[in-house]
$ cat target.cif   # mmCIF, C-alpha atoms
data_work
loop_
_atom_site.label_atom_id
_atom_site.label_comp_id
_atom_site.auth_asym_id
_atom_site.auth_seq_id
_atom_site.Cartn_x
_atom_site.Cartn_y
_atom_site.Cartn_z
CA MET A 237 0.00 0.00 0.00
CA SER A 238 1.39 3.43 -0.93
CA LEU A 239 1.62 6.42 1.39
CA GLY A 240 -1.00 8.27 -0.63
CA ALA A 241 -3.47 5.44 -0.32
CA ALA A 242 -2.72 5.08 3.35
CA GLU A 243 -3.35 8.77 3.94
CA GLU A 244 -6.67 8.83 2.13
CA GLY A 245 -7.79 5.95 4.34
CA SER A 246 -11.23 4.75 5.36
CA GLU A 247 -13.60 6.14 7.97
CA LYS A 248 -11.70 4.33 10.73
CA GLU A 249 -8.38 5.97 9.79
CA ILE A 250 -6.90 9.38 10.50
CA HIS A 251 -8.22 11.75 7.85
CA ILE A 252 -5.09 13.30 6.37
CA PRO A 253 -5.58 15.13 3.06
CA ALA A 254 -4.28 13.06 0.11
CA GLU A 255 -0.57 13.39 -0.60
CA ILE A 256 0.45 14.56 -4.06
CA ASN A 257 3.58 12.62 -4.96
CA TRP A 258 6.24 13.17 -7.63
CA GLU A 259 4.53 11.06 -10.29
CA MET A 260 1.33 13.12 -10.01
CA LEU A 261 3.02 16.45 -10.78
CA ASP A 262 3.28 18.35 -14.04
CA LYS A 263 7.04 19.00 -13.75
CA SER A 264 7.27 22.07 -16.01
CA LYS A 265 4.38 23.79 -14.22
CA PHE A 266 5.79 22.74 -10.84
CA PHE A 267 9.21 24.33 -11.42
CA PHE A 268 7.95 27.41 -13.29
CA LEU A 269 5.29 28.32 -10.73
CA GLY A 270 7.64 27.38 -7.90
CA ALA A 271 10.33 29.77 -9.10
CA ALA A 272 7.85 32.65 -9.30
CA MET A 273 6.10 31.95 -5.99
CA PHE A 274 9.24 31.37 -3.92
CA SER A 275 10.98 34.41 -5.41
CA GLY A 276 8.09 36.49 -4.10
CA VAL A 277 8.34 34.92 -0.64
CA SER A 278 12.12 35.47 -0.53
CA ALA A 279 11.80 39.12 -1.59
CA GLY A 280 9.17 39.78 1.07
CA LEU A 281 11.32 38.37 3.88
CA TYR A 282 14.62 39.83 2.65
CA PRO A 283 14.74 42.92 4.94
CA VAL A 284 14.38 40.69 8.03
CA VAL A 285 17.26 38.50 6.83
CA LEU A 286 19.42 41.58 6.18
CA ILE A 287 18.80 42.93 9.70
CA LYS A 288 19.64 39.52 11.17
CA THR A 289 22.88 39.40 9.19
CA ARG A 290 23.90 42.91 10.30
CA GLN A 291 23.32 41.92 13.93
CA GLN A 292 25.43 38.79 13.57
CA VAL A 293 28.49 40.60 12.21
CA ALA A 294 28.21 43.60 14.55
CA GLN A 295 30.98 43.99 17.13
CA SER A 296 28.50 45.01 19.84
CA GLU A 297 24.98 44.09 20.92
CA LEU A 298 22.19 46.00 19.17
CA SER A 299 18.50 45.12 19.07
CA ALA A 300 16.72 44.28 15.83
CA MET A 301 14.56 47.41 16.09
CA ARG A 302 17.57 49.70 16.61
CA THR A 303 19.49 47.97 13.82
CA GLY A 304 16.59 48.43 11.41
CA TYR A 305 16.07 52.06 12.47
CA SER A 306 19.78 52.78 12.07
CA ILE A 307 19.79 51.36 8.54
CA LEU A 308 16.73 53.41 7.54
CA ARG A 309 18.07 56.61 9.07
CA ASN A 310 21.66 56.39 7.78
CA GLU A 311 21.33 54.44 4.54
CA GLY A 312 17.71 54.76 3.44
CA PHE A 313 14.97 52.25 2.65
CA ARG A 314 16.82 50.78 -0.35
CA ALA A 315 19.57 49.54 1.96
CA LEU A 316 17.13 46.94 3.33
CA TYR A 317 17.17 45.32 -0.11
CA ARG A 318 20.91 45.54 -0.78
CA GLY A 319 21.92 42.29 -2.49
CA VAL A 320 18.34 41.17 -3.16
CA GLY A 321 18.99 40.78 -6.90
CA THR A 322 21.82 38.32 -6.28
CA SER A 323 19.74 36.44 -3.74
CA LEU A 324 16.75 36.12 -6.07
CA MET A 325 18.97 34.93 -8.93
CA GLY A 326 20.07 32.09 -6.69
CA THR A 327 16.55 31.35 -5.50
CA VAL A 328 15.44 29.80 -8.80
CA PRO A 329 18.11 27.08 -9.19
CA ALA A 330 18.37 26.48 -5.44
CA ARG A 331 14.62 26.01 -5.02
CA ALA A 332 14.49 23.82 -8.12
CA LEU A 333 17.17 21.56 -6.64
CA TYR A 334 15.47 21.62 -3.24
CA MET A 335 11.98 20.79 -4.51
CA GLY A 336 13.19 18.17 -6.96
CA ALA A 337 15.33 16.35 -4.38
CA LEU A 338 12.57 16.63 -1.78
CA GLU A 339 9.81 15.12 -3.89
CA VAL A 340 11.91 12.41 -5.54
CA THR A 341 13.40 11.25 -2.23
CA LYS A 342 10.06 11.37 -0.43
CA SER A 343 8.39 9.33 -3.16
CA TYR A 344 11.03 6.61 -3.39
CA VAL A 345 11.82 6.33 0.34
CA GLY A 346 8.12 6.43 1.24
CA THR A 347 7.31 3.57 -1.12
CA ALA A 348 10.33 1.55 0.08
CA THR A 349 9.52 1.93 3.79
CA VAL A 350 5.88 0.89 3.29
CA ARG A 351 7.01 -2.18 1.35
CA LEU A 352 9.40 -3.05 4.18
CA GLY A 353 6.42 -3.24 6.52
CA PHE A 354 6.81 -0.02 8.51
CA PRO A 355 3.60 1.46 9.96
CA ASP A 356 2.21 4.31 7.86
CA ALA A 357 3.10 7.01 10.42
CA THR A 358 6.67 5.72 10.76
CA ALA A 359 7.06 5.37 7.00
CA ALA A 360 5.86 8.95 6.49
CA ALA A 361 8.28 10.28 9.14
CA ILE A 362 11.25 8.40 7.66
CA ALA A 363 10.38 9.50 4.11
CA ASN A 364 10.01 13.15 5.14
CA ALA A 365 13.24 13.11 7.17
CA ALA A 366 15.23 11.58 4.29
CA ALA A 367 13.65 14.02 1.84
CA GLY A 368 14.51 17.04 4.01
CA LEU A 369 18.10 15.84 4.40
CA SER A 370 18.72 15.28 0.68
CA ALA A 371 16.95 18.52 -0.30
CA ALA A 372 19.08 20.60 2.07
CA VAL A 373 22.34 19.11 0.80
CA ALA A 374 21.34 19.62 -2.84
CA ALA A 375 20.20 23.22 -2.32
CA GLN A 376 23.39 24.23 -0.45
CA LEU A 377 25.42 23.61 -3.60
CA VAL A 378 23.80 26.81 -4.88
CA TRP A 379 22.79 28.60 -1.69
CA THR A 380 26.28 28.77 -0.14
CA PRO A 381 27.87 30.83 -2.97
CA VAL A 382 24.73 32.97 -3.17
CA ASP A 383 24.85 33.58 0.59
CA VAL A 384 28.54 34.50 0.49
CA VAL A 385 27.96 37.08 -2.25
CA SER A 386 24.65 38.52 -1.00
CA GLN A 387 25.78 38.73 2.64
CA ARG A 388 28.83 40.76 1.68
CA LEU A 389 26.54 43.19 -0.10
CA MET A 390 24.27 43.28 2.96
CA CYS A 391 27.16 44.12 5.28
CA GLN A 392 29.33 46.39 3.19
CA SER A 393 28.24 49.44 5.20
CA GLY A 394 29.04 47.65 8.46
CA LYS A 395 32.33 47.33 10.31
CA ALA A 396 32.88 43.73 9.20
CA SER A 397 33.52 44.67 5.57
CA MET A 398 36.89 46.03 4.48
CA CYS A 399 36.02 47.08 0.93
CA ARG A 400 33.14 48.37 -1.14
CA TYR A 401 31.31 46.48 -3.87
CA THR A 402 29.28 47.84 -6.74
CA ASN A 403 27.10 44.76 -7.28
CA GLY A 404 26.99 40.98 -7.04
CA VAL A 405 29.22 40.49 -10.07
CA ASP A 406 31.88 42.70 -8.47
CA VAL A 407 31.71 40.64 -5.27
CA PHE A 408 32.06 37.43 -7.28
CA ARG A 409 35.10 38.74 -9.16
CA GLN A 410 36.87 39.91 -6.00
CA ILE A 411 36.27 36.63 -4.20
CA MET A 412 37.55 34.62 -7.17
CA ARG A 413 40.62 36.85 -7.43
CA THR A 414 41.57 36.64 -3.74
CA ASP A 415 40.24 33.25 -2.58
CA GLY A 416 39.24 31.31 -5.69
CA VAL A 417 36.31 28.89 -5.79
CA ARG A 418 37.01 27.93 -2.19
CA GLY A 419 36.06 31.46 -1.15
CA LEU A 420 32.58 31.04 -2.64
CA TYR A 421 32.04 27.92 -0.54
CA ARG A 422 33.27 29.35 2.74
CA GLY A 423 30.98 27.99 5.45
CA PHE A 424 29.68 25.16 3.23
CA GLY A 425 30.46 22.50 5.84
CA LEU A 426 28.70 24.50 8.56
CA SER A 427 25.74 25.09 6.25
CA ILE A 428 25.34 21.34 5.75
CA LEU A 429 25.76 20.81 9.50
CA ILE A 430 23.05 23.39 10.17
CA TYR A 431 20.49 22.77 7.47
CA ALA A 432 20.71 19.04 6.71
CA PRO A 433 19.79 17.75 10.22
CA SER A 434 17.38 20.63 10.87
CA ASN A 435 15.57 19.99 7.57
CA ALA A 436 15.36 16.29 8.36
CA VAL A 437 13.88 17.03 11.79
CA TRP A 438 11.67 19.78 10.38
CA TRP A 439 10.01 17.65 7.71
CA ALA A 440 9.62 14.65 10.02
CA SER A 441 8.12 16.91 12.73
CA TYR A 442 5.85 18.57 10.20
CA SER A 443 4.50 15.19 9.10
CA ALA A 444 4.03 14.05 12.70
CA ALA A 445 2.36 17.33 13.71
CA GLN A 446 -0.20 17.04 10.94
CA ARG A 447 -1.01 13.45 11.90
CA THR A 448 -1.43 14.47 15.54
CA VAL A 449 -3.86 17.26 14.62
CA TRP A 450 -5.88 15.08 12.26
CA LYS A 451 -5.98 12.29 14.84
CA ASN A 452 -7.83 14.68 17.14
CA ASN A 453 -10.41 14.91 14.38
CA GLU A 454 -11.83 11.56 15.48
CA ASN A 455 -14.83 11.11 17.75
CA GLY A 456 -15.08 8.62 20.60
CA ASN A 457 -15.89 5.72 18.26
CA GLY A 458 -12.76 6.30 16.15
CA ASP A 459 -14.78 7.73 13.24
CA VAL A 460 -13.78 10.96 11.49
CA ALA A 461 -15.63 13.84 13.13
CA TYR A 462 -15.58 16.06 10.03
CA LYS A 463 -13.75 16.42 6.75
CA PRO A 464 -11.50 19.51 6.91
CA ASP A 465 -11.87 22.16 4.23
CA SER A 466 -8.96 23.80 2.41
CA LYS A 467 -8.71 26.69 4.93
CA THR A 468 -8.43 24.27 7.85
CA VAL A 469 -5.79 22.26 6.02
CA MET A 470 -3.75 25.42 5.34
CA ALA A 471 -4.10 26.56 8.95
CA VAL A 472 -2.81 23.24 10.28
CA GLN A 473 0.07 23.25 7.81
CA GLY A 474 0.99 26.84 8.66
CA ILE A 475 0.92 26.37 12.43
CA SER A 476 2.90 23.13 12.22
CA ALA A 477 5.48 24.82 10.00
CA ALA A 478 5.83 27.89 12.25
CA MET A 479 6.43 25.76 15.34
CA ALA A 480 9.03 23.62 13.58
CA GLY A 481 10.75 26.68 12.07
CA GLY A 482 10.97 28.54 15.38
CA ALA A 483 12.44 25.54 17.19
CA SER A 484 14.98 25.01 14.41
CA ALA A 485 16.05 28.68 14.56
CA LEU A 486 16.73 28.46 18.29
CA ILE A 487 18.74 25.23 18.08
CA THR A 488 20.91 26.19 15.10
CA MET A 489 21.46 29.89 15.96
CA PRO A 490 25.08 29.68 17.25
CA LEU A 491 26.27 27.77 14.18
CA ASP A 492 24.43 30.19 11.87
CA THR A 493 26.13 33.19 13.53
CA ILE A 494 29.58 31.60 13.11
CA LYS A 495 28.78 30.66 9.49
CA THR A 496 27.64 34.21 8.67
CA ARG A 497 30.82 35.72 10.09
CA LEU A 498 32.99 33.33 8.13
CA GLN A 499 31.16 34.13 4.90
CA VAL A 500 31.45 37.92 5.09
CA LEU A 501 35.16 37.99 5.95
CA GLU A 502 37.68 39.11 3.35
CA GLY A 503 40.69 37.04 2.29
CA GLY A 504 43.36 39.60 3.17
CA GLU A 505 46.65 38.36 4.60
CA GLU A 506 45.04 35.20 5.94
CA LYS A 507 44.34 33.51 2.64
CA HIS A 508 41.42 31.46 3.87
CA GLY A 509 40.37 33.58 6.84
CA PRO A 510 40.00 32.47 10.46
CA THR A 511 38.78 29.02 11.42
CA VAL A 512 35.47 28.10 13.05
CA ARG A 513 37.22 27.85 16.42
CA GLN A 514 38.82 31.29 16.07
CA THR A 515 35.52 32.83 15.03
CA PHE A 516 33.78 31.28 18.04
CA ARG A 517 36.48 32.59 20.39
CA ASN A 518 36.16 36.10 18.94
CA LEU A 519 32.39 36.01 19.49
CA VAL A 520 32.79 34.90 23.11
CA LYS A 521 35.36 37.66 23.72
CA GLU A 522 32.97 40.26 22.33
CA GLY A 523 29.90 39.34 24.35
CA GLY A 524 30.11 35.93 25.98
CA LEU A 525 28.10 32.95 24.82
CA MET A 526 25.06 35.17 24.22
CA ALA A 527 26.97 36.83 21.36
CA CYS A 528 26.32 33.61 19.42
CA TYR A 529 22.60 34.43 19.64
CA ARG A 530 22.77 37.90 18.14
CA GLY A 531 20.01 38.25 15.60
CA LEU A 532 17.93 35.49 17.20
CA GLY A 533 14.76 37.60 17.16
CA PRO A 534 14.85 38.39 13.42
CA ARG A 535 16.04 34.87 12.58
CA TRP A 536 13.29 33.27 14.67
CA ALA A 537 10.69 35.53 13.07
CA SER A 538 12.17 35.03 9.60
CA MET A 539 12.34 31.23 9.88
CA SER A 540 8.86 30.98 11.40
CA MET A 541 7.32 33.25 8.76
CA SER A 542 9.38 31.65 6.03
CA ALA A 543 8.37 28.16 7.14
CA THR A 544 4.69 29.14 7.27
CA THR A 545 4.65 30.89 3.91
CA MET A 546 6.93 28.27 2.36
CA ILE A 547 4.84 25.27 3.34
CA THR A 548 1.48 26.85 2.48
CA THR A 549 2.93 28.08 -0.82
CA TYR A 550 4.52 24.69 -1.44
CA GLU A 551 1.34 22.72 -0.75
CA CYS A 552 -0.62 25.17 -2.91
CA LEU A 553 2.01 24.83 -5.64
CA LYS A 554 1.73 21.04 -5.62
CA ARG A 555 -2.04 21.20 -6.02
CA LEU A 556 -1.77 23.76 -8.82
CA SER A 557 0.84 21.55 -10.54
CA ALA A 558 -1.05 18.25 -10.20
CA LYS A 559 -1.83 16.61 -13.53
CA ASN A 560 -5.35 15.61 -12.51
CA GLN A 561 -6.94 18.55 -10.67
CA GLU A 562 -10.34 16.88 -10.39
CA ALA A 563 -8.96 13.99 -8.35
CA LEU A 564 -7.84 16.29 -5.50
#
$ encode --input "target.cif" --output "structure tokens"
Amino acid sequence: MSLGAAEEGSEKEIHIPAEINWEMLDKSKFFFLGAAMFSGVSAGLYPVVLIKTRQQVAQSELSAMRTGYSILRNEGFRALYRGVGTSLMGTVPARALYMGALEVTKSYVGTATVRLGFPDATAAAIANAAAGLSAAVAAQLVWTPVDVVSQRLMCQSGKASMCRYTNGVDVFRQIMRTDGVRGLYRGFGLSILIYAPSNAVWWASYSAAQRTVWKNNENGNGDVAYKPDSKTVMAVQGISAAMAGGASALITMPLDTIKTRLQVLEGGEEKHGPTVRQTFRNLVKEGGLMACYRGLGPRWASMSMSATTMITTYECLKRLSAKNQEAL
């Protein structure tokens, strides 16, 4: 029995809305609409990410509100979108890799675990965890260079930057000249360490959260109390995503701060810049262990909002891209 069939179920089963798997999708529509929809989401959340990045590279503690106000007062509104073009250019291939790896892995691992005799809930959790892991690794092949370039543009008015850039192409040229390809992938290992496990946990938790909510949709006899409409489904997906995103932000914050600092540093005399250990020591010297949590507020808000908008957009995208709309 497939995961989709298991999720549709009978009256005695948990009523989870039918899963749209990889084989059911119109691939061209899926990637085209996905690029457009996720570019919009990324652009909307970009100012929050920029403020978070500025906080992380700052030499002293400054609240998100004061950081944002300082940027607006001294640099103007456009400064909140510095580097957005570079970031959006990377969004299309990165999201394509992410979505493709996610759906393919989920489909194949889900089918394999069901055939091996795992219970439906366990099979779904394993499939989602494996899918999140593979998607994160695939996407970081693009996201890491994009982050390195866009973050240097974000921070070029801050103390952490030692030179000025005209645009993303200028950043790319300077990095290649001083550090080579290795400079574009600075922090790649940390990115995998941050996003691969957190994505695995996130997708597994998201699947489990939905099952828990729908299980409460049963009456005392084990029958389905009501069939949820599309608004209820989106609400459950959004809340589940926000909770998982917020928890992930809190757990991975110190590593993200270290990664961000490594990525915005210039080559200079130290060809490859300081190590992870040196960066951590510098942070502790500046403000103790709490310095590793600078930008937590914006990052928590950004990841929660991003997770909510991402998952509702993603589920909507899958339904829009399904080959047989009438079957949904």
$ closest_residue --input "target.cif" --among "A:Thr545, A:Val472, A:Arg422, A:Glu297" --to "Glu522 of chain A" --atoms "only C-alpha atoms"
A:Glu297
$ resolve_selection --input "target.cif" --expression "the PyMOL selection byres ((chain A and resi 404) around 7)" --output "list of chain:residue names"
A:Gly319, A:Thr322, A:Val385, A:Ser386, A:Asn403, A:Val405, A:Asp406, A:Val407, A:Phe408
$ closest_residue --input "target.cif" --among "A:Thr303, A:Thr515, A:Thr544, A:Ser441" --to "Pro283 of chain A" --atoms "all atoms listed in the file"
A:Thr303
$ residues_around --input "target.cif" --residues "Val520 of chain A" --least-positions-apart "3" --cutoff "12 Å" --atoms "all atoms listed in the file" --output "list in words"
Gln295, Ser296, Pro490, Thr493, Ile494, Arg513, Gln514, Thr515, Phe516, Arg517, Gly523, Gly524, Leu525, Met526, Ala527, Cys528, Tyr529 and Arg530 of chain A
$ closest_residue --input "target.cif" --among "A:Val340, A:Leu333, A:Gly321, A:Gln292" --to "Met489 of chain A" --atoms "only C-alpha atoms"
A:Gln292
$ residues_around --input "target.cif" --residues "Arg535 of chain A" --least-positions-apart "3" --cutoff "10 Å" --atoms "only C-alpha atoms" --output "number ranges by chain"
A: 284-289, 300, 481-482, 485-486, 489, 492, 529-532, 538-542
$ atom_distance --input "target.cif" --atom1 "atom CA of Tyr282 of chain A" --atom2 "atom CA of Ser443 of chain A"
27.4 Å
$ resolve_selection --input "target.cif" --expression "the PyMOL selection byres ((chain A and resi 423) around 8)" --output "compact mmCIF listing (two decimals) with C-alpha atoms, in the frame of the given file"
# COMPACT_ATOMS: atom_id res chain seq x y z
CA THR A 380 26.28 28.77 -0.14
CA TYR A 421 32.04 27.92 -0.54
CA ARG A 422 33.27 29.35 2.74
CA PHE A 424 29.68 25.16 3.23
CA GLY A 425 30.46 22.50 5.84
CA LEU A 426 28.70 24.50 8.56
CA SER A 427 25.74 25.09 6.25
CA LYS A 495 28.78 30.66 9.49
CA THR A 496 27.64 34.21 8.67
CA LEU A 498 32.99 33.33 8.13
CA GLN A 499 31.16 34.13 4.90
$ residues_around --input "target.cif" --residues "Ser434 of chain A" --least-positions-apart "2" --cutoff "12 Å" --atoms "only C-alpha atoms" --output "ChimeraX atom specification"
/A:364-373,427-432,436-442,480-489,491-492,539
$ atom_distance --input "target.cif" --atom1 "atom CA of Val378 of chain A" --atom2 "atom CA of Gly419 of chain A"
13.6 Å
$ atom_distance --input "target.cif" --atom1 "atom CA of Arg302 of chain A" --atom2 "atom CA of Val384 of chain A"
24.7 Å
$ closest_residue --input "target.cif" --among "A:Cys552, A:Arg409, A:Met546, A:Thr402" --to "Lys467 of chain A" --atoms "all atoms listed in the file"
A:Cys552
$ resolve_selection --input "target.cif" --expression "the PyMOL selection byres ((chain A and resi 353-361) around 7)" --output "MDAnalysis selection string"
chainID A and resid 239 242 346 349:352 362:365 440 443:444
$ closest_residue --input "target.cif" --among "A:Leu389, A:Val500, A:Ala271, A:Leu281" --to "Gly326 of chain A" --atoms "all atoms listed in the file"
A:Ala271
$ closest_residue --input "target.cif" --among "A:Val512, A:Val320, A:Ala537, A:Ala315" --to "Gln392 of chain A" --atoms "all atoms listed in the file"
A:Ala315
